[in-house]
$ cat run_20.cif   # mmCIF, C-alpha atoms
data_query
loop_
_atom_site.group_PDB
_atom_site.id
_atom_site.type_symbol
_atom_site.label_atom_id
_atom_site.label_comp_id
_atom_site.auth_asym_id
_atom_site.auth_seq_id
_atom_site.Cartn_x
_atom_site.Cartn_y
_atom_site.Cartn_z
ATOM 1 C CA MET L 1 36.828 16.612 -48.726
ATOM 2 C CA ASP L 2 34.873 18.995 -50.949
ATOM 3 C CA ASN L 3 35.263 22.574 -49.698
ATOM 4 C CA HIS L 4 32.760 23.994 -52.194
ATOM 5 C CA LYS L 5 29.679 25.579 -50.713
ATOM 6 C CA LYS L 6 26.461 23.815 -51.695
ATOM 7 C CA THR L 7 24.042 25.956 -53.640
ATOM 8 C CA ILE L 8 20.308 25.546 -53.992
ATOM 9 C CA GLY L 9 20.523 25.985 -57.751
ATOM 10 C CA LEU L 10 23.119 23.253 -58.210
ATOM 11 C CA GLU L 11 21.434 20.875 -55.764
ATOM 12 C CA SER L 12 18.064 21.455 -57.462
ATOM 13 C CA ARG L 13 19.569 20.666 -60.844
ATOM 14 C CA SER L 14 21.304 17.598 -59.473
ATOM 15 C CA LEU L 15 18.049 16.344 -57.931
ATOM 16 C CA PHE L 16 16.146 17.045 -61.143
ATOM 17 C CA MET L 17 18.704 15.135 -63.209
ATOM 18 C CA ALA L 18 18.690 12.172 -60.801
ATOM 19 C CA ILE L 19 14.878 11.942 -60.962
ATOM 20 C CA LYS L 20 14.925 12.418 -64.738
ATOM 21 C CA ARG L 21 17.451 9.600 -65.214
ATOM 22 C CA TYR L 22 15.451 7.349 -62.881
ATOM 23 C CA ILE L 23 12.159 7.916 -64.709
ATOM 24 C CA ASP L 24 13.801 7.812 -68.150
ATOM 25 C CA ALA L 25 15.357 4.452 -67.308
ATOM 26 C CA GLY L 26 11.942 3.113 -66.348
ATOM 27 C CA CYS L 27 10.260 4.344 -69.537
ATOM 28 C CA SER L 28 12.937 3.935 -72.182
ATOM 29 C CA ASP L 29 12.297 0.266 -72.890
ATOM 30 C CA LEU L 30 8.559 0.636 -73.490
ATOM 31 C CA SER L 31 8.928 1.390 -77.191
ATOM 32 C CA ASP L 32 11.523 1.115 -79.904
ATOM 33 C CA ASP L 33 11.580 4.928 -79.945
ATOM 34 C CA ARG L 34 13.281 5.121 -76.508
ATOM 35 C CA LEU L 35 11.121 7.988 -75.272
ATOM 36 C CA THR L 36 12.242 10.042 -72.296
ATOM 37 C CA GLY L 37 10.278 10.478 -69.101
ATOM 38 C CA ILE L 38 9.260 14.043 -69.984
ATOM 39 C CA GLN L 39 7.924 12.874 -73.349
ATOM 40 C CA GLY L 40 5.902 10.265 -71.469
ATOM 41 C CA MET L 41 4.638 12.894 -69.049
ATOM 42 C CA VAL L 42 3.524 15.077 -71.972
ATOM 43 C CA LEU L 43 1.620 12.136 -73.472
ATOM 44 C CA GLY L 44 0.039 11.594 -70.061
ATOM 45 C CA TYR L 45 -1.001 15.227 -69.759
ATOM 46 C CA ILE L 46 -2.596 15.130 -73.202
ATOM 47 C CA SER L 47 -4.384 11.902 -72.316
ATOM 48 C CA ARG L 48 -5.689 13.178 -68.959
ATOM 49 C CA HIS L 49 -7.058 16.290 -70.678
ATOM 50 C CA SER L 50 -8.539 14.543 -73.710
ATOM 51 C CA ASP L 51 -11.977 15.909 -72.806
ATOM 52 C CA SER L 52 -10.727 19.455 -73.463
ATOM 53 C CA GLU L 53 -8.699 21.059 -76.212
ATOM 54 C CA ILE L 54 -4.950 21.037 -75.553
ATOM 55 C CA TYR L 55 -2.635 23.414 -77.361
ATOM 56 C CA GLN L 56 1.125 23.877 -77.362
ATOM 57 C CA ARG L 57 0.831 26.880 -75.038
ATOM 58 C CA ASP L 58 -0.882 24.634 -72.441
ATOM 59 C CA LEU L 59 2.126 22.323 -72.452
ATOM 60 C CA GLU L 60 4.524 25.265 -72.277
ATOM 61 C CA LYS L 61 2.750 26.541 -69.182
ATOM 62 C CA ARG L 62 2.262 23.178 -67.453
ATOM 63 C CA PHE L 63 5.814 21.926 -67.993
ATOM 64 C CA ASP L 64 7.531 25.323 -67.953
ATOM 65 C CA PHE L 65 8.869 24.762 -71.483
ATOM 66 C CA LYS L 66 10.209 27.453 -73.722
ATOM 67 C CA ARG L 67 8.294 27.646 -76.992
ATOM 68 C CA SER L 68 11.197 26.159 -78.972
ATOM 69 C CA THR L 69 11.487 23.194 -76.593
ATOM 70 C CA ALA L 70 7.769 22.454 -76.813
ATOM 71 C CA THR L 71 7.857 22.761 -80.606
ATOM 72 C CA LYS L 72 10.716 20.270 -80.947
ATOM 73 C CA LEU L 73 9.129 17.815 -78.516
ATOM 74 C CA LEU L 74 5.756 17.926 -80.293
ATOM 75 C CA GLN L 75 7.364 17.609 -83.720
ATOM 76 C CA LEU L 76 9.149 14.458 -82.569
ATOM 77 C CA LEU L 77 6.025 12.940 -80.991
ATOM 78 C CA GLU L 78 4.105 13.691 -84.175
ATOM 79 C CA LYS L 79 6.841 12.215 -86.390
ATOM 80 C CA LEU L 80 6.841 9.037 -84.268
ATOM 81 C CA GLY L 81 3.067 8.770 -84.634
ATOM 82 C CA TYR L 82 2.055 9.330 -80.994
ATOM 83 C CA ILE L 83 0.186 12.602 -81.526
ATOM 84 C CA ARG L 84 -1.419 14.549 -84.319
ATOM 85 C CA ARG L 85 -2.204 18.223 -84.558
ATOM 86 C CA GLU L 86 -5.661 19.179 -85.756
ATOM 87 C CA SER L 87 -6.792 22.549 -87.033
ATOM 88 C CA VAL L 88 -9.343 24.418 -84.981
ATOM 89 C CA MET L 89 -12.367 25.927 -86.707
ATOM 90 C CA SER L 90 -12.372 29.082 -84.563
ATOM 91 C CA ASP L 91 -8.709 29.997 -85.222
ATOM 92 C CA ALA L 92 -6.680 28.657 -88.147
ATOM 93 C CA ARG L 93 -3.445 29.477 -86.316
ATOM 94 C CA LEU L 94 -4.215 27.085 -83.470
ATOM 95 C CA LYS L 95 -3.544 23.366 -83.650
ATOM 96 C CA ARG L 96 -5.202 21.108 -81.101
ATOM 97 C CA ILE L 97 -2.971 18.258 -79.891
ATOM 98 C CA VAL L 98 -4.546 14.790 -79.828
ATOM 99 C CA LEU L 99 -3.132 11.350 -79.038
ATOM 100 C CA THR L 100 -3.230 8.763 -81.804
ATOM 101 C CA ASP L 101 -4.196 5.155 -81.043
ATOM 102 C CA LYS L 102 -0.472 4.383 -80.849
ATOM 103 C CA GLY L 103 -0.066 7.230 -78.363
ATOM 104 C CA VAL L 104 -2.977 6.025 -76.224
ATOM 105 C CA GLU L 105 -1.507 2.527 -75.983
ATOM 106 C CA LEU L 106 1.979 3.762 -75.128
ATOM 107 C CA HIS L 107 0.531 6.169 -72.563
ATOM 108 C CA LYS L 108 -1.096 3.271 -70.716
ATOM 109 C CA GLN L 109 2.263 1.523 -70.428
ATOM 110 C CA ILE L 110 4.103 4.697 -69.445
ATOM 111 C CA THR L 111 1.504 5.550 -66.807
ATOM 112 C CA ARG L 112 2.121 2.247 -65.064
ATOM 113 C CA ARG L 113 5.885 2.835 -65.111
ATOM 114 C CA ILE L 114 5.757 6.468 -63.993
ATOM 115 C CA ASP L 115 3.319 5.649 -61.182
ATOM 116 C CA LYS L 116 5.736 2.958 -59.996
ATOM 117 C CA SER L 117 8.709 5.346 -60.191
ATOM 118 C CA GLU L 118 6.837 8.128 -58.369
ATOM 119 C CA SER L 119 5.810 5.691 -55.615
ATOM 120 C CA GLU L 120 9.399 4.573 -55.191
ATOM 121 C CA ILE L 121 10.645 8.176 -55.009
ATOM 122 C CA ASP L 122 7.781 9.141 -52.694
ATOM 123 C CA ALA L 123 8.629 6.263 -50.332
ATOM 124 C CA LEU L 124 12.043 7.800 -49.677
ATOM 125 C CA LEU L 125 10.427 10.624 -47.663
ATOM 126 C CA THR L 126 8.221 10.696 -44.601
ATOM 127 C CA SER L 127 4.906 12.514 -44.766
ATOM 128 C CA ASP L 128 6.399 15.504 -42.918
ATOM 129 C CA GLU L 129 9.453 15.574 -45.168
ATOM 130 C CA ARG L 130 7.225 15.503 -48.253
ATOM 131 C CA LYS L 131 5.116 18.363 -46.896
ATOM 132 C CA THR L 132 8.231 20.405 -46.091
ATOM 133 C CA PHE L 133 9.741 19.657 -49.511
ATOM 134 C CA PHE L 134 6.690 21.003 -51.335
ATOM 135 C CA GLU L 135 6.433 24.020 -49.040
ATOM 136 C CA LEU L 136 10.079 24.910 -49.708
ATOM 137 C CA CYS L 137 9.711 24.408 -53.464
ATOM 138 C CA ASN L 138 6.634 26.661 -53.514
ATOM 139 C CA LYS L 139 8.375 29.288 -51.389
ATOM 140 C CA ILE L 140 11.369 29.415 -53.725
ATOM 141 C CA LYS L 141 9.223 29.458 -56.884
ATOM 142 C CA SER L 142 6.998 32.208 -55.480
ATOM 143 C CA GLY L 143 9.981 34.274 -54.414
ATOM 144 C CA LEU L 144 11.613 33.947 -57.818
ATOM 145 C CA ALA L 145 8.372 34.764 -59.627
ATOM 146 C CA ALA L 146 7.818 37.829 -57.424
ATOM 147 C CA ASP L 147 11.337 39.016 -58.211
ATOM 148 C CA GLY L 148 10.594 38.626 -61.907
ATOM 149 C CA GLY L 149 14.104 37.348 -62.574
ATOM 150 C CA ASN L 150 15.564 40.686 -61.550
ATOM 151 C CA ASN L 151 18.506 39.727 -59.386
ATOM 152 C CA ASP L 152 20.408 43.022 -59.531
#

$ encode --input "run_20.cif" --output "structure tokens"
Amino acid sequence: MDNHKKTIGLESRSLFMAIKRYIDAGCSDLSDDRLTGIQGMVLGYISRHSDSEIYQRDLEKRFDFKRSTATKLLQLLEKLGYIRRESVMSDARLKRIVLTDKGVELHKQITRRIDKSESEIDALLTSDERKTFFELCNKIKSGLAADGGNND
């Protein structure tokens, strides 16, 4: 019997990793590049917002990435030919992120797989459990944001 006290932090990480592995397994065989679920989600975000200009900072905010993580992810997606970065006339420092044709095609396949995975995960909870789950997640995130990371 495990006498260790469960912690929200460890359980959250464990849940995140279980979902990540589940989605990654569903997406990894869609291309020879063996993309991860988060890479697929980034392609999806770019695709869903193709009518507006998407920049690295948008991805950092949406996915709660550190700048270095977003940079590495985008460099890989660009190297693999799924995205390209285009200069913006109004600010030479900014690079708009756009899917290539290869990226659009892969995104379609990934979307089908992620939707299937999300439905399967969603089916594990009742409507009330799902509502409670999101309420608790929001409560914790809000409380941590209000504290500003100051846990002295």

$ closest_residue --input "run_20.cif" --among "L:Ile23, L:Leu136, L:Ile8, L:Leu15" --to "L:Lys116" --atoms "all atoms listed in the file"
L:Ile23

$ closest_residue --input "run_20.cif" --among "L:Ile38, L:Thr132, L:Leu124, L:Ala145" --to "L:Ala25" --atoms "only C-alpha atoms"
L:Ile38

$ closest_residue --input "run_20.cif" --among "L:Thr36, L:Ser142, L:Val42, L:Ile83" --to "L:Tyr22" --atoms "all atoms listed in the file"
L:Thr36

$ closest_residue --input "run_20.cif" --among "L:Glu120, L:Asp115, L:Asp29, L:Asp91" --to "L:Met41" --atoms "only C-alpha atoms"
L:Asp115

$ atom_distance --input "run_20.cif" --atom1 "atom CA of L:Cys137" --atom2 "atom CA of L:Arg13"
12.9 Å

$ residues_around --input "run_20.cif" --residues "L:Gly40" --least-positions-apart "6" --cutoff "9 Å" --atoms "only C-alpha atoms" --output "list of chain:residue names"
L:Asp24, L:Cys27, L:Leu106, L:His107, L:Ile110, L:Thr111, L:Ile114

$ atom_distance --input "run_20.cif" --atom1 "atom CA of L:Ala92" --atom2 "atom CA of L:Leu43"
23.6 Å

$ atom_distance --input "run_20.cif" --atom1 "atom CA of L:Ile54" --atom2 "atom CA of L:Ile140"
28.5 Å

$ closest_residue --input "run_20.cif" --among "L:Arg85, L:Arg34, L:Arg96, L:Lys72" --to "L:Tyr55" --atoms "all atoms listed in the file"
L:Arg96

$ closest_residue --input "run_20.cif" --among "L:Gln75, L:Lys5, L:Ser12, L:Phe65" --to "L:Phe133" --atoms "only C-alpha atoms"
L:Ser12

$ axis_aligned_box --input "run_20.cif" --around "stretch 142-148 of chain L" --padding-each-side "6 Å" --output "JSON"
{"center_x": 9.3, "center_y": 35.6, "center_z": -58.2, "size_x": 16.6, "size_y": 18.8, "size_z": 19.5}

$ resolve_selection --input "run_20.cif" --expression "the PyMOL selection byres ((chain L and resi 71) around 12)" --output "PyMOL selection string"
chain L and resi 55-57+59-60+65-70+72-78+85+95+97

$ residues_near_point --input "run_20.cif" --point "(-7.0, 6.1, -80.8)" --cutoff "12 Å" --atoms "all atoms listed in the file" --output "PyMOL selection string"
chain L and resi 47+50+81-84+98-107

$ build_atoms --input "run_20.cif" --residues "stretch 18-37 of chain L" --atoms "N, CA and C atoms" --output "compact mmCIF listing (two decimals), in the frame of the given file"
# COMPACT_ATOMS: atom_id res chain seq x y z
N ALA L 18 18.78 13.52 -61.38
CA ALA L 18 18.69 12.17 -60.80
C ALA L 18 17.29 11.59 -61.00
N ILE L 19 16.26 12.40 -60.76
CA ILE L 19 14.88 11.94 -60.96
C ILE L 19 14.62 11.69 -62.44
N LYS L 20 15.10 12.58 -63.29
CA LYS L 20 14.92 12.42 -64.74
C LYS L 20 15.54 11.11 -65.22
N ARG L 21 16.79 10.84 -64.80
CA ARG L 21 17.45 9.60 -65.21
C ARG L 21 16.69 8.38 -64.70
N TYR L 22 16.19 8.47 -63.49
CA TYR L 22 15.45 7.35 -62.88
C TYR L 22 14.17 7.05 -63.66
N ILE L 23 13.41 8.09 -63.96
CA ILE L 23 12.16 7.92 -64.71
C ILE L 23 12.45 7.53 -66.15
N ASP L 24 13.44 8.16 -66.77
CA ASP L 24 13.80 7.81 -68.15
C ASP L 24 14.18 6.34 -68.26
N ALA L 25 14.94 5.86 -67.29
CA ALA L 25 15.36 4.45 -67.31
C ALA L 25 14.15 3.53 -67.23
N GLY L 26 13.15 3.93 -66.48
CA GLY L 26 11.94 3.11 -66.35
C GLY L 26 11.05 3.13 -67.57
N CYS L 27 11.14 4.18 -68.38
CA CYS L 27 10.26 4.34 -69.54
C CYS L 27 10.92 4.01 -70.87
N SER L 28 12.24 4.01 -70.90
CA SER L 28 12.94 3.94 -72.18
C SER L 28 12.72 2.63 -72.92
N ASP L 29 12.43 1.56 -72.22
CA ASP L 29 12.30 0.27 -72.89
C ASP L 29 10.86 -0.05 -73.30
N LEU L 30 9.97 0.89 -73.17
CA LEU L 30 8.56 0.64 -73.49
C LEU L 30 8.26 0.70 -74.98
N SER L 31 9.13 1.33 -75.74
CA SER L 31 8.93 1.39 -77.19
C SER L 31 10.28 1.39 -77.87
N ASP L 32 10.28 1.08 -79.13
CA ASP L 32 11.52 1.12 -79.90
C ASP L 32 12.06 2.54 -80.04
N ASP L 33 11.21 3.53 -79.76
CA ASP L 33 11.58 4.93 -79.94
C ASP L 33 12.37 5.49 -78.77
N ARG L 34 12.50 4.73 -77.69
CA ARG L 34 13.28 5.12 -76.51
C ARG L 34 12.89 6.51 -76.01
N LEU L 35 11.61 6.70 -75.75
CA LEU L 35 11.12 7.99 -75.27
C LEU L 35 11.68 8.30 -73.90
N THR L 36 11.79 9.58 -73.61
CA THR L 36 12.24 10.04 -72.30
C THR L 36 11.04 10.17 -71.36
N GLY L 37 11.33 10.31 -70.09
CA GLY L 37 10.28 10.48 -69.10
C GLY L 37 9.42 11.70 -69.36
